[in-house]
Amino acid sequence: MASLNPNLLDFWFKDGIASDKNFRKARHRVLYGGRASSKSWEFAGQAAGIANRCMLRMLCVRRYQNKIKESVYTLIASQIENFGFKGFDIRASDIKHKNGSEFVFYGIERNTDEIKSFEGADILWIEEAHNLTKEQWEILKPTIRKEGSEIWLSFNPKLASDFVYQRFVVNPPASTIIRLINYTENPFISKTALADIEDLKQEDYETYEHVYLGVPKTDDEFAIIKRSWVEAAVDAHLKLGIDLSGARTVGYDVADSGEDKNATTVFDGAIAREIDEWKAPEDELVTSALRAWGKVGNGRLVYDSIGVGAHVGSTLKEKKIYSRYYKFNAAGAVVNPDKEYAPKITNAEKFENLKAQAWQDVADRLRNTFNAVNKGMKYPESELISISSEIKLLERLKTELCTPNKSISKRGLDMVESKQDLRKREIKSPNLADSFVMGACPHLAVDSKLDRFLTMAE
């Protein structure tokens, strides 16, 4: 007997209990993940079931469609047959039901005018939505304006910077139900498919993650931190069964101006436990500093001491707080300049500034974590990093960590891509990632009172 994926009941119904009264209302409904995960079959089956029960006008689009067989037409027709629904007329280019339901299929590139003039759609389904551009979205969304109408998106992530991934995974709009679904939750997958997936997993783990776990690729091979390293670090302490907890450290990235935001990351030893981000104007610098300090508890605060952030230390002193906060001067000199970063190359010969040293420190520990989780390699606990899966804004954090590229200074030393260069790529300041790096590197911060660097033991 045909059925939909039981693991997706909570995607459609409150408390995962299937009934009309429990149906979850949403403006946007997003299924994304790797191949063989049942995303498209799920949408096709649900759409066929709704159209069989009541009149439904559904516009099914994808960016490129030269022939009807390239659309979700075949999927919907197959699900109608699988469930044994009666009353449908599966025609050459559309599907209709005697109750008035209708499915229409278009390729966006060649049918913009027809889509603009489409009236009365109850549901817009965008298949392979990762290909959708911002300009095309701005054409599609106003078309679906009927009261109670929904927009469905299904896709396998391609690049972390793709418009749809950024808009609906990293920064989803209000009234969005979003679900990552992979082959591991597909009860209908064949043994043959599982064997092929396992072969790829053993041969090329990063490609396996991208194809079958829905891990997007980064745009540039020059990224300091690879996406696969960050993914491996999620709950790494649980995966490895080791205790990475310890001293509490809060990294605080202070907003510069304009649209920039404040951000904090709370570390429990080597485990990132909490992310916070807030917008505050410059006349609220004191309030923001105290908000960051309020997360410290018995731990310590590492703050961006350049520019606007220079006020943090004086603000805390005015509040009669005299210790446990440390300056992080991104443009400052490297720590332990004469120590070898690698054989025959010192920190001073490798890094242009402290920011480059800190980002590489985090990159190295995330790479170690990837090797420990996926290859069973052993490292001291101080050389690993774990990221709690319970962090809010987790997808944004992942994306920001693997966004900045490595650049080279005029002296030929390693640097991190500047905020100005990121803006040229239309990428916002990575506030979450910067606070994460500071929170992960208290050993590269300067004690505001003693004016000296911390040690790893402090």
# chains A, B, ... in the order shown; residues from 1 in each chain; ligands from 1

call {"tool": "residues_around", "arguments": {"residues": "Phe105 (chain A)", "least_positions_apart": "2", "cutoff": "9 Å", "atoms": "only C-alpha atoms", "output": "ChimeraX atom specification"}}
result
/A:58-62,65,68,71-73,93-94,103,107

call {"tool": "residues_around", "arguments": {"residues": "region 170-185 of chain A", "least_positions_apart": "3", "cutoff": "6 Å", "atoms": "only C-alpha atoms", "output": "number ranges by chain"}}
result
A: 26-34, 36-37, 166-167, 213, 395-396

call {"tool": "closest_residue", "arguments": {"among": "A:Ser407, A:Thr287, A:Ile271, A:Arg248", "to": "Gly299 (chain A)", "atoms": "only C-alpha atoms"}}
result
A:Arg248

call {"tool": "closest_residue", "arguments": {"among": "A:Asn99, A:Asn347, A:Ser388, A:Asn111", "to": "Ile275 (chain A)", "atoms": "only C-alpha atoms"}}
result
A:Ser388

call {"tool": "select_by_dssp", "arguments": {"residues": "region 117-284 of chain A", "states": "strand (DSSP E)", "output": "ChimeraX atom specification"}}
result
/A:123-127,150-155,176-180,248-253,262-268,271-278

call {"tool": "select_by_dssp", "arguments": {"residues": "region 154-246 of chain A", "states": "alpha helix (DSSP H)", "output": "PyMOL selection string"}}
result
chain A and resi 163-165+191-203+205-212+227-233+236-240

call {"tool": "write_last_selection", "arguments": {"atoms": "C-alpha atoms", "output": "CSV table (one decimal), in the first residue's frame"}}
result
chain,number,residue,atom,x,y,z
A,163,PHE,CA,20.2,32.8,-3.1
A,164,VAL,CA,17.7,30.1,-2.1
A,165,TYR,CA,20.1,28.5,0.5
A,191,LYS,CA,19.5,-1.8,-0.8
A,192,THR,CA,21.2,-1.2,-4.1
A,193,ALA,CA,21.0,2.6,-3.5
A,194,LEU,CA,22.4,2.2,0.0
A,195,ALA,CA,25.3,0.1,-1.3
A,196,ASP,CA,26.2,2.8,-3.9
A,197,ILE,CA,26.0,5.5,-1.2
A,198,GLU,CA,28.2,3.5,1.1
A,199,ASP,CA,30.8,3.1,-1.7
A,200,LEU,CA,30.9,6.8,-2.3
A,201,LYS,CA,31.2,7.4,1.5
A,202,GLN,CA,34.3,5.3,1.7
A,203,GLU,CA,35.9,6.6,-1.5
A,205,TYR,CA,33.7,11.5,2.0
A,206,GLU,CA,33.3,15.2,1.1
A,207,THR,CA,31.5,14.4,-2.1
A,208,TYR,CA,29.3,11.9,-0.2
A,209,GLU,CA,28.4,14.7,2.3
A,210,HIS,CA,27.5,17.1,-0.6
A,211,VAL,CA,25.5,14.6,-2.7
A,212,TYR,CA,23.8,12.6,0.0
A,227,ARG,CA,32.3,23.3,5.2
A,228,SER,CA,32.9,19.6,5.7
A,229,TRP,CA,35.1,20.4,8.7
A,230,VAL,CA,32.4,22.5,10.3
A,231,GLU,CA,29.7,19.8,9.7
A,232,ALA,CA,31.9,17.2,11.4
A,233,ALA,CA,32.4,19.5,14.4
A,236,ALA,CA,31.7,16.2,17.9
A,237,HIS,CA,32.1,15.7,21.7
A,238,LEU,CA,29.1,13.4,21.5
A,239,LYS,CA,30.3,11.6,18.4
A,240,LEU,CA,33.7,11.0,19.9

call {"tool": "residues_around", "arguments": {"residues": "Glu102 (chain A)", "least_positions_apart": "3", "cutoff": "7 Å", "atoms": "only C-alpha atoms", "output": "JSON, numbers by chain"}}
result
{"A": [56, 57, 58, 95, 96, 97]}

call {"tool": "closest_atom_pairs", "arguments": {"of": "region 348-406 of chain A", "to": "region 311-334 of chain A", "cutoff": "9 Å", "atoms": "only C-alpha atoms", "output": "tab-separated table"}}
result
residue	atom	partner	partner_atom	distance
A:Ala348	CA	A:Val334	CA	6.5
A:Phe351	CA	A:Val334	CA	7.1
A:Glu352	CA	A:Val334	CA	7.5
A:Asn353	CA	A:Ala333	CA	5.2
A:Leu354	CA	A:Val334	CA	4.6
A:Lys355	CA	A:Ala330	CA	4.4
A:Ala356	CA	A:Ala330	CA	8.0
A:Gln357	CA	A:Val334	CA	6.6
A:Ala358	CA	A:Ala330	CA	8.6

call {"tool": "write_last_selection", "arguments": {"atoms": "C-alpha atoms", "output": "PDB file, in the first residue's frame"}}
result
ATOM      1  CA  ALA A 348      55.752  35.778  12.366  1.00  0.00           C
ATOM      2  CA  PHE A 351      50.735  35.384   9.553  1.00  0.00           C
ATOM      3  CA  GLU A 352      50.336  39.086   8.810  1.00  0.00           C
ATOM      4  CA  ASN A 353      48.257  39.770  11.930  1.00  0.00           C
ATOM      5  CA  LEU A 354      46.443  38.257  14.880  1.00  0.00           C
ATOM      6  CA  LYS A 355      43.205  37.746  12.936  1.00  0.00           C
ATOM      7  CA  ALA A 356      44.928  35.495  10.407  1.00  0.00           C
ATOM      8  CA  GLN A 357      46.593  33.558  13.220  1.00  0.00           C
ATOM      9  CA  ALA A 358      43.296  33.066  15.083  1.00  0.00           C
TER      10      ALA A 358
END

call {"tool": "closest_residue", "arguments": {"among": "A:Ser429, A:Arg145, A:Ile123, A:Glu128", "to": "Glu259 (chain A)", "atoms": "only C-alpha atoms"}}
result
A:Ser429

call {"tool": "atom_distance", "arguments": {"atom1": "CA of Glu381 (chain A)", "atom2": "CA of Glu274 (chain A)"}}
result
20.0 Å

call {"tool": "closest_residue", "arguments": {"among": "A:Val169, A:Val308, A:Ile144, A:Leu384", "to": "Ser245 (chain A)", "atoms": "only C-alpha atoms"}}
result
A:Leu384

call {"tool": "residues_around", "arguments": {"residues": "Ala280 (chain A)", "least_positions_apart": "4", "cutoff": "9 Å", "atoms": "only C-alpha atoms", "output": "PyMOL selection string"}}
result
chain A and resi 255+260-262+284-285+287-288

call {"tool": "decode", "arguments": {"residues": "region 185-256 of chain A", "atoms": "C-alpha atoms", "output": "compact mmCIF listing (two decimals), in the first residue's frame"}}
result
# COMPACT_ATOMS: atom_id res chain seq x y z
CA GLU A 185 15.31 9.01 6.91
CA ASN A 186 13.95 7.51 3.71
CA PRO A 187 12.27 4.16 4.56
CA PHE A 188 11.69 3.43 0.86
CA ILE A 189 15.32 3.50 -0.27
CA SER A 190 16.58 0.32 -1.93
CA LYS A 191 19.49 -1.82 -0.77
CA THR A 192 21.19 -1.18 -4.11
CA ALA A 193 21.05 2.59 -3.55
CA LEU A 194 22.38 2.18 0.01
CA ALA A 195 25.30 0.12 -1.28
CA ASP A 196 26.17 2.78 -3.86
CA ILE A 197 25.98 5.49 -1.21
CA GLU A 198 28.25 3.52 1.13
CA ASP A 199 30.79 3.05 -1.68
CA LEU A 200 30.95 6.82 -2.27
CA LYS A 201 31.17 7.45 1.48
CA GLN A 202 34.29 5.28 1.69
CA GLU A 203 35.87 6.62 -1.51
CA ASP A 204 35.24 10.37 -1.19
CA TYR A 205 33.67 11.52 2.05
CA GLU A 206 33.35 15.19 1.10
CA THR A 207 31.53 14.37 -2.13
CA TYR A 208 29.32 11.94 -0.18
CA GLU A 209 28.41 14.74 2.26
CA HIS A 210 27.51 17.07 -0.59
CA VAL A 211 25.55 14.57 -2.69
CA TYR A 212 23.77 12.57 -0.02
CA LEU A 213 23.77 14.69 3.15
CA GLY A 214 22.87 18.02 1.53
CA VAL A 215 26.06 19.79 2.63
CA PRO A 216 26.53 22.79 0.31
CA LYS A 217 29.87 23.49 -1.26
CA THR A 218 31.73 26.69 -0.61
CA ASP A 219 32.20 29.00 -3.56
CA ASP A 220 35.94 29.12 -3.46
CA GLU A 221 38.69 26.61 -2.94
CA PHE A 222 40.57 29.38 -1.10
CA ALA A 223 38.18 29.32 1.89
CA ILE A 224 40.15 29.14 5.13
CA ILE A 225 37.70 26.69 6.70
CA LYS A 226 36.01 23.92 4.73
CA ARG A 227 32.31 23.29 5.16
CA SER A 228 32.91 19.58 5.75
CA TRP A 229 35.12 20.40 8.74
CA VAL A 230 32.39 22.50 10.33
CA GLU A 231 29.75 19.83 9.71
CA ALA A 232 31.94 17.21 11.36
CA ALA A 233 32.37 19.46 14.42
CA VAL A 234 28.62 19.58 15.13
CA ASP A 235 28.21 17.59 18.37
CA ALA A 236 31.73 16.21 17.90
CA HIS A 237 32.10 15.71 21.67
CA LEU A 238 29.11 13.36 21.53
CA LYS A 239 30.27 11.61 18.35
CA LEU A 240 33.71 11.00 19.86
CA GLY A 241 32.45 10.27 23.36
CA ILE A 242 34.92 12.64 25.02
CA ASP A 243 34.59 15.47 27.53
CA LEU A 244 35.57 18.77 25.86
CA SER A 245 33.95 21.00 28.48
CA GLY A 246 35.97 23.44 30.57
CA ALA A 247 36.38 27.13 31.31
CA ARG A 248 33.62 29.41 30.04
CA THR A 249 34.65 31.95 27.38
CA VAL A 250 32.44 34.48 25.61
CA GLY A 251 33.62 35.91 22.30
CA TYR A 252 32.10 39.34 21.60
CA ASP A 253 32.13 40.90 18.13
CA VAL A 254 31.11 44.55 18.49
CA ALA A 255 28.95 46.13 15.76
CA ASP A 256 30.79 48.76 13.71
